[in-house]
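Engineer: Structure below; questions to follow.
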Amino acid sequence: MTTVTHSIGRTSPSEAEEKLVRVYIWEWPVRIAHWVIFLSIVVLSFTGYYMYAPFITSRGSGAFLMGEMRFIHEVTAFVFVAAFLLRVYWFFKGNKWARWRQFLPIGRYQWQGFIGQLQYYLFVRRKPEFRMGHNPLAGATYSMIFALMLIEILTGLALYNRILGSKVLGFFVGWLPMLISIRYLREIHFLIMFAFGAFVIHHVYSAVLIGIEERSGLVGGIFSGYKFFSESRIKEDASHE
Ligand code: HEM
């Protein structure tokens with residue numbers, strides 16, 4: 001931890017006098033997984049939408065843009081799966097802010113934070129819930145996003161295996177087309193892309209907003225791993241291990 005002399009904005013007068021401490025919150029697997037997931041969703045959305053409605057016309061006898069888009073989509077999908085698995089592993093191996101408990105509003109402290117943050121977004125209270133990791137409402141939203149990622153992976157692999165016909169892959173996803181018709185699997189796979197798009201709009205907005213409210217360097221934190229907190233906040237966080 002590094003101490004930084006800096007006053008805190010929009011906090012109580014006593015807290016505003018406190019020094020800020022630099023704390024390492026997001027370990028490298030969290031940051032790598034976050035940015036690989038983000039970049040791969042951008043590539044997957046672009047190539048996936050092309051497969052749905054080819055918006056570029058390729059010319060020339062050797063042109064096979066659809067094949068190229070599909071190839072890029074599949075390779076990126078495996079990169080996406082790897083980043084997802086790394087993050088899932090880190091739910092169990094990471095520091096307290098990376099662990100799975102942060103993503104479920106279980107227990108009194110988490111539940112209070114969830115309701116408090118909801119009230120903040122509904123303009124019922126002035127200040128957001130301050131937490132060193134994610135606030136519990138953000139945590140719960142991320143669990144839904146991770147669940148959507150899992151559905152995206154499973155439906156994608158089921159679509160892929162229709163053509164590949166691999167027995168190994170069939171073992172993992174072969175049950176899916178028996179449960180839901182492949183046409184609907186494709187539709188679900190397509191529609192979730194828009195859910196990611198909608199999420200990103202609010203996600204970036206709230207990251208910037210909460211970063212300004214807390215003065216914690218929240219946006220920078222997902223790049224560097226570090227955020228800034230007063231000692232009283234660190235003590236409060238430590239009392240909720
Ligand atoms: C498809 C795109 C994105 C997805 C799916 C996504 C998802 C997530 C998830 C799941 C987390 C929780 C981190 C973890 O514990 O693993 C997170 C955190 C975060 N994301 Fe994103 N993200 C996306 C794009 C972005 C972008 C473009 C920004 C740009 C500012 C951003 C900024 C942040 C920040 C600042 C945090 C940390 C919030 C905190 O400190 O509490 N994200 N994101």
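All residue names refer to the structure tokens as shown: chains lettered A, B, ... in order, residues numbered from 1 in each chain, ligands numbered from 1 in order.
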Restrict the calculation to only C-alpha atoms, then for each residue of range 97-194 of chain A with any atom at most 9 Å from an atom of range 68-82 of chain A give the closest atom pair and their distance in Å to one decimal, rows by chain and rising residue number, as CSV.

Structural biologist:
residue,atom,partner,partner_atom,distance
A:Met149,CA,A:Val81,CA,8.9
A:Leu150,CA,A:Val81,CA,8.8
A:Ile153,CA,A:Val81,CA,7.0
A:Gly156,CA,A:Ala77,CA,8.3
A:Tyr160,CA,A:Glu74,CA,8.4

Engineer: Next, the residues of the selection above should be written as a PDB file, in the first residue's frame with C-alpha atoms.

Structural biologist:
ATOM      1  CA  MET A 149     -21.244 -15.369 -21.372  1.00  0.00           C
ATOM      2  CA  LEU A 150     -21.655 -19.023 -20.388  1.00  0.00           C
ATOM      3  CA  ILE A 153     -20.261 -20.127 -25.106  1.00  0.00           C
ATOM      4  CA  GLY A 156     -21.802 -21.172 -29.825  1.00  0.00           C
ATOM      5  CA  TYR A 160     -19.960 -25.170 -34.082  1.00  0.00           C
TER       6      TYR A 160
END

Engineer: Can you pull out every residue with an atom within 6 Å of ligand 1? Use only C-alpha atoms and all ligand atoms and format it as a PyMOL selection string.

Structural biologist: chain A and resi 30+34+38+41+98+133-134+142+196+200+204+207+218-219+222

Engineer: Mind writing the picked residues with N, CA and C atoms as a PDB file, in the first residue's frame?

Structural biologist:
ATOM      1  N   VAL A  30      -7.601 -10.747 -13.307  1.00  0.00           N
ATOM      2  CA  VAL A  30      -8.885 -10.035 -13.422  1.00  0.00           C
ATOM      3  C   VAL A  30      -8.797  -9.040 -14.580  1.00  0.00           C
ATOM      4  N   HIS A  34     -10.637  -9.266 -18.119  1.00  0.00           N
ATOM      5  CA  HIS A  34     -11.570  -8.193 -18.453  1.00  0.00           C
ATOM      6  C   HIS A  34     -11.330  -7.652 -19.856  1.00  0.00           C
ATOM      7  N   PHE A  38     -13.484  -8.056 -23.267  1.00  0.00           N
ATOM      8  CA  PHE A  38     -14.005  -6.871 -23.959  1.00  0.00           C
ATOM      9  C   PHE A  38     -13.620  -6.884 -25.445  1.00  0.00           C
ATOM     10  N   ILE A  41     -15.322  -9.606 -27.424  1.00  0.00           N
ATOM     11  CA  ILE A  41     -16.751  -9.339 -27.685  1.00  0.00           C
ATOM     12  C   ILE A  41     -16.895  -8.361 -28.862  1.00  0.00           C
ATOM     13  N   ALA A  98     -11.867 -10.365  -5.769  1.00  0.00           N
ATOM     14  CA  ALA A  98     -12.066 -11.098  -7.028  1.00  0.00           C
ATOM     15  C   ALA A  98     -12.920 -12.345  -6.822  1.00  0.00           C
ATOM     16  N   GLY A 133     -14.025  -3.136  -3.505  1.00  0.00           N
ATOM     17  CA  GLY A 133     -14.139  -3.929  -4.740  1.00  0.00           C
ATOM     18  C   GLY A 133     -15.351  -3.408  -5.509  1.00  0.00           C
ATOM     19  N   HIS A 134     -16.183  -4.330  -5.960  1.00  0.00           N
ATOM     20  CA  HIS A 134     -17.407  -3.901  -6.643  1.00  0.00           C
ATOM     21  C   HIS A 134     -18.463  -3.593  -5.606  1.00  0.00           C
ATOM     22  N   TYR A 142     -22.708  -8.241 -12.720  1.00  0.00           N
ATOM     23  CA  TYR A 142     -21.626  -8.991 -13.372  1.00  0.00           C
ATOM     24  C   TYR A 142     -21.925 -10.492 -13.372  1.00  0.00           C
ATOM     25  N   PHE A 196     -25.054  -7.706 -24.435  1.00  0.00           N
ATOM     26  CA  PHE A 196     -23.695  -7.235 -24.124  1.00  0.00           C
ATOM     27  C   PHE A 196     -23.548  -5.761 -24.516  1.00  0.00           C
ATOM     28  N   VAL A 200     -22.677  -2.703 -21.917  1.00  0.00           N
ATOM     29  CA  VAL A 200     -21.468  -1.867 -22.011  1.00  0.00           C
ATOM     30  C   VAL A 200     -21.814  -0.386 -21.878  1.00  0.00           C
ATOM     31  N   VAL A 204     -19.943   1.488 -18.740  1.00  0.00           N
ATOM     32  CA  VAL A 204     -18.944   2.554 -18.871  1.00  0.00           C
ATOM     33  C   VAL A 204     -19.459   3.824 -18.186  1.00  0.00           C
ATOM     34  N   ALA A 207     -19.182   3.291 -14.433  1.00  0.00           N
ATOM     35  CA  ALA A 207     -17.769   3.278 -13.987  1.00  0.00           C
ATOM     36  C   ALA A 207     -17.250   4.712 -13.872  1.00  0.00           C
ATOM     37  N   LEU A 218     -11.342   4.741  -9.939  1.00  0.00           N
ATOM     38  CA  LEU A 218     -11.989   3.469 -10.302  1.00  0.00           C
ATOM     39  C   LEU A 218     -11.712   3.049 -11.746  1.00  0.00           C
ATOM     40  N   VAL A 219     -11.812   3.987 -12.691  1.00  0.00           N
ATOM     41  CA  VAL A 219     -11.619   3.610 -14.102  1.00  0.00           C
ATOM     42  C   VAL A 219     -10.163   3.204 -14.342  1.00  0.00           C
ATOM     43  N   ILE A 222      -8.982  -0.548 -13.417  1.00  0.00           N
ATOM     44  CA  ILE A 222      -9.128  -1.745 -14.256  1.00  0.00           C
ATOM     45  C   ILE A 222      -7.960  -1.850 -15.256  1.00  0.00           C
TER      46      ILE A 222
END

Engineer: Give me, as number ranges by chain, all polymer residues having an atom no more than 12 Å from Gly94 in chain A, counting only C-alpha atoms and skipping those fewer than 3 positions away in the same chain.

Structural biologist: A: 25-31, 86-91, 97-102

Engineer: Would you please work out which residue, of A:Tyr205, A:Tyr52, A:Tyr24, A:Phe229, is nearest to Arg131 in chain A when using only C-alpha atoms?

Structural biologist: A:Phe229

Engineer: Pick out the residues sitting within 9 Å of Phe130 in chain A, and hand them over as number ranges by chain; count only C-alpha atoms, and ignore anything fewer than 6 positions along from it in its own chain.

Structural biologist: A: 113, 117, 210, 214, 233

Engineer: Hey, what's within 9 Å of Gly116 in chain A if we count only C-alpha atoms and toss same-chain stuff fewer than 5 positions away? As a PyMOL selection string, please?

Structural biologist: chain A and resi 111+121+124-125+127-129+137

Engineer: Any chance you can output those residues with C-alpha atoms as a CSV table (one decimal), in the first residue's frame?

Structural biologist:
chain,number,residue,atom,x,y,z
A,111,TRP,CA,-27.6,-6.9,0.8
A,121,TYR,CA,-29.6,5.0,-9.1
A,124,VAL,CA,-33.6,8.1,-3.6
A,125,ARG,CA,-30.3,8.7,-1.9
A,127,LYS,CA,-24.3,9.0,-2.3
A,128,PRO,CA,-23.5,5.6,-3.8
A,129,GLU,CA,-22.4,2.7,-1.6
A,137,LEU,CA,-25.4,-4.2,-7.2

Engineer: Within range 39-217 of chain A, find each residue whose DSSP state, derived from the backbone, is alpha helix (DSSP H), and express the selection as JSON, numbers by chain.

Structural biologist: {"A": [39, 40, 41, 42, 43, 44, 45, 46, 47, 48, 49, 50, 51, 52, 65, 66, 67, 68, 69, 70, 71, 72, 73, 74, 75, 76, 77, 78, 79, 80, 81, 82, 83, 84, 85, 86, 87, 88, 89, 90, 91, 92, 93, 108, 109, 110, 111, 112, 113, 114, 115, 116, 117, 118, 119, 120, 121, 136, 137, 138, 139, 140, 141, 142, 143, 144, 145, 146, 147, 148, 149, 150, 151, 152, 153, 154, 155, 156, 157, 158, 159, 160, 161, 162, 163, 164, 167, 168, 169, 170, 171, 172, 173, 176, 177, 178, 179, 182, 183, 184, 185, 186, 187, 188, 189, 190, 191, 192, 193, 194, 195, 196, 197, 198, 199, 200, 201, 202, 203, 204, 205, 206, 207, 208, 209, 210, 211, 212, 213, 214]}

Engineer: Those residues you just picked out, can you put them in a file as a CSV table (one decimal), in the first residue's frame with C-alpha atoms?

Structural biologist:
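For reference, selection_26.csv as written:
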chain,number,residue,atom,x,y,z
A,39,LEU,CA,-11.9,-7.0,-27.1
A,40,SER,CA,-13.1,-10.4,-28.1
A,41,ILE,CA,-16.8,-9.3,-27.7
A,42,VAL,CA,-16.0,-6.5,-30.1
A,43,VAL,CA,-14.5,-8.8,-32.7
A,44,LEU,CA,-17.2,-11.5,-32.1
A,45,SER,CA,-20.0,-9.0,-32.5
A,46,PHE,CA,-18.6,-7.6,-35.7
A,47,THR,CA,-17.9,-11.0,-37.4
A,48,GLY,CA,-21.1,-12.5,-35.9
A,49,TYR,CA,-23.3,-9.7,-37.2
A,50,TYR,CA,-21.6,-10.1,-40.6
A,51,MET,CA,-22.6,-13.8,-40.7
A,52,TYR,CA,-26.1,-12.8,-39.8
A,65,LEU,CA,-15.2,-13.1,-47.0
A,66,MET,CA,-17.9,-15.2,-45.3
A,67,GLY,CA,-15.3,-18.0,-44.7
A,68,GLU,CA,-12.8,-15.5,-43.4
A,69,MET,CA,-15.3,-13.8,-41.0
A,70,ARG,CA,-16.3,-17.2,-39.8
A,71,PHE,CA,-12.7,-18.3,-39.2
A,72,ILE,CA,-12.0,-15.1,-37.3
A,73,HIS,CA,-15.2,-15.6,-35.3
A,74,GLU,CA,-14.2,-19.1,-34.3
A,75,VAL,CA,-10.6,-18.3,-33.4
A,76,THR,CA,-11.7,-15.3,-31.3
A,77,ALA,CA,-14.4,-17.5,-29.6
A,78,PHE,CA,-11.7,-19.8,-28.3
A,79,VAL,CA,-9.7,-16.8,-27.0
A,80,PHE,CA,-12.9,-15.6,-25.3
A,81,VAL,CA,-13.5,-19.1,-23.7
A,82,ALA,CA,-9.9,-19.0,-22.4
A,83,ALA,CA,-10.4,-15.6,-20.8
A,84,PHE,CA,-13.7,-16.7,-19.3
A,85,LEU,CA,-12.1,-19.8,-17.8
A,86,LEU,CA,-9.2,-17.8,-16.4
A,87,ARG,CA,-11.8,-15.5,-14.7
A,88,VAL,CA,-13.8,-18.4,-13.4
A,89,TYR,CA,-10.6,-20.0,-11.9
A,90,TRP,CA,-9.8,-16.6,-10.3
A,91,PHE,CA,-13.3,-16.6,-8.6
A,92,PHE,CA,-11.7,-19.3,-6.3
A,93,LYS,CA,-8.0,-18.3,-6.3
A,108,ARG,CA,-26.5,-8.4,5.6
A,109,TYR,CA,-23.6,-6.1,4.5
A,110,GLN,CA,-23.8,-7.2,0.9
A,111,TRP,CA,-27.6,-6.9,0.8
A,112,GLN,CA,-27.5,-3.4,2.4
A,113,GLY,CA,-25.0,-2.3,-0.3
A,114,PHE,CA,-27.2,-3.8,-3.0
A,115,ILE,CA,-30.3,-1.9,-1.8
A,116,GLY,CA,-28.3,1.3,-1.1
A,117,GLN,CA,-26.8,1.3,-4.6
A,118,LEU,CA,-30.2,0.7,-6.2
A,119,GLN,CA,-31.6,3.7,-4.2
A,120,TYR,CA,-28.7,5.8,-5.5
A,121,TYR,CA,-29.6,5.0,-9.1
A,136,PRO,CA,-23.0,-5.4,-4.5
A,137,LEU,CA,-25.4,-4.2,-7.2
A,138,ALA,CA,-22.5,-4.1,-9.7
A,139,GLY,CA,-21.4,-7.5,-8.5
A,140,ALA,CA,-24.9,-9.0,-9.0
A,141,THR,CA,-25.0,-7.5,-12.5
A,142,TYR,CA,-21.6,-9.0,-13.4
A,143,SER,CA,-22.9,-12.4,-12.3
A,144,MET,CA,-25.7,-12.1,-14.8
A,145,ILE,CA,-23.2,-11.0,-17.5
A,146,PHE,CA,-21.0,-14.0,-16.6
A,147,ALA,CA,-24.1,-16.2,-16.9
A,148,LEU,CA,-24.9,-14.7,-20.3
A,149,MET,CA,-21.2,-15.4,-21.4
A,150,LEU,CA,-21.7,-19.0,-20.4
A,151,ILE,CA,-24.9,-19.3,-22.4
A,152,GLU,CA,-23.1,-17.6,-25.3
A,153,ILE,CA,-20.3,-20.1,-25.1
A,154,LEU,CA,-22.5,-23.2,-24.9
A,155,THR,CA,-24.8,-22.1,-27.7
A,156,GLY,CA,-21.8,-21.2,-29.8
A,157,LEU,CA,-20.1,-24.5,-29.2
A,158,ALA,CA,-23.4,-26.4,-30.0
A,159,LEU,CA,-23.6,-24.5,-33.4
A,160,TYR,CA,-20.0,-25.2,-34.1
A,161,ASN,CA,-20.3,-28.9,-33.4
A,162,ARG,CA,-23.2,-29.2,-35.8
A,163,ILE,CA,-20.6,-28.9,-38.5
A,164,LEU,CA,-17.5,-30.3,-36.7
A,167,LYS,CA,-17.5,-36.6,-30.1
A,168,VAL,CA,-15.5,-34.8,-27.4
A,169,LEU,CA,-17.3,-31.5,-27.9
A,170,GLY,CA,-20.6,-33.5,-28.4
A,171,PHE,CA,-20.1,-34.8,-24.8
A,172,PHE,CA,-20.2,-31.3,-23.5
A,173,VAL,CA,-22.8,-29.6,-25.7
A,176,LEU,CA,-28.3,-28.8,-26.0
A,177,PRO,CA,-29.8,-29.3,-29.5
A,178,MET,CA,-31.8,-32.2,-28.0
A,179,LEU,CA,-33.3,-29.8,-25.5
A,182,ILE,CA,-30.8,-25.5,-33.2
A,183,ARG,CA,-32.8,-22.6,-34.8
A,184,TYR,CA,-33.6,-21.2,-31.3
A,185,LEU,CA,-30.1,-21.8,-30.1
A,186,ARG,CA,-28.9,-19.6,-33.0
A,187,GLU,CA,-31.4,-17.0,-32.1
A,188,ILE,CA,-30.4,-17.0,-28.4
A,189,HIS,CA,-26.7,-16.8,-29.5
A,190,PHE,CA,-27.6,-13.8,-31.7
A,191,LEU,CA,-29.8,-11.9,-29.2
A,192,ILE,CA,-27.3,-12.1,-26.3
A,193,MET,CA,-24.9,-10.0,-28.4
A,194,PHE,CA,-27.3,-7.1,-28.0
A,195,ALA,CA,-27.5,-7.7,-24.2
A,196,PHE,CA,-23.7,-7.2,-24.1
A,197,GLY,CA,-24.0,-4.0,-26.1
A,198,ALA,CA,-26.7,-2.6,-23.8
A,199,PHE,CA,-24.6,-3.6,-20.8
A,200,VAL,CA,-21.5,-1.9,-22.0
A,201,ILE,CA,-23.3,1.5,-22.4
A,202,HIS,CA,-24.4,1.4,-18.8
A,203,HIS,CA,-21.2,-0.2,-17.5
A,204,VAL,CA,-18.9,2.6,-18.9
A,205,TYR,CA,-21.4,5.3,-17.7
A,206,SER,CA,-21.5,3.9,-14.2
A,207,ALA,CA,-17.8,3.3,-14.0
A,208,VAL,CA,-17.1,6.9,-14.8
A,209,LEU,CA,-19.9,8.2,-12.5
A,210,ILE,CA,-18.9,6.1,-9.5
A,211,GLY,CA,-15.3,6.9,-10.1
A,212,ILE,CA,-16.1,10.7,-9.9
A,213,GLU,CA,-18.3,10.2,-6.8
A,214,GLU,CA,-15.7,8.1,-4.9
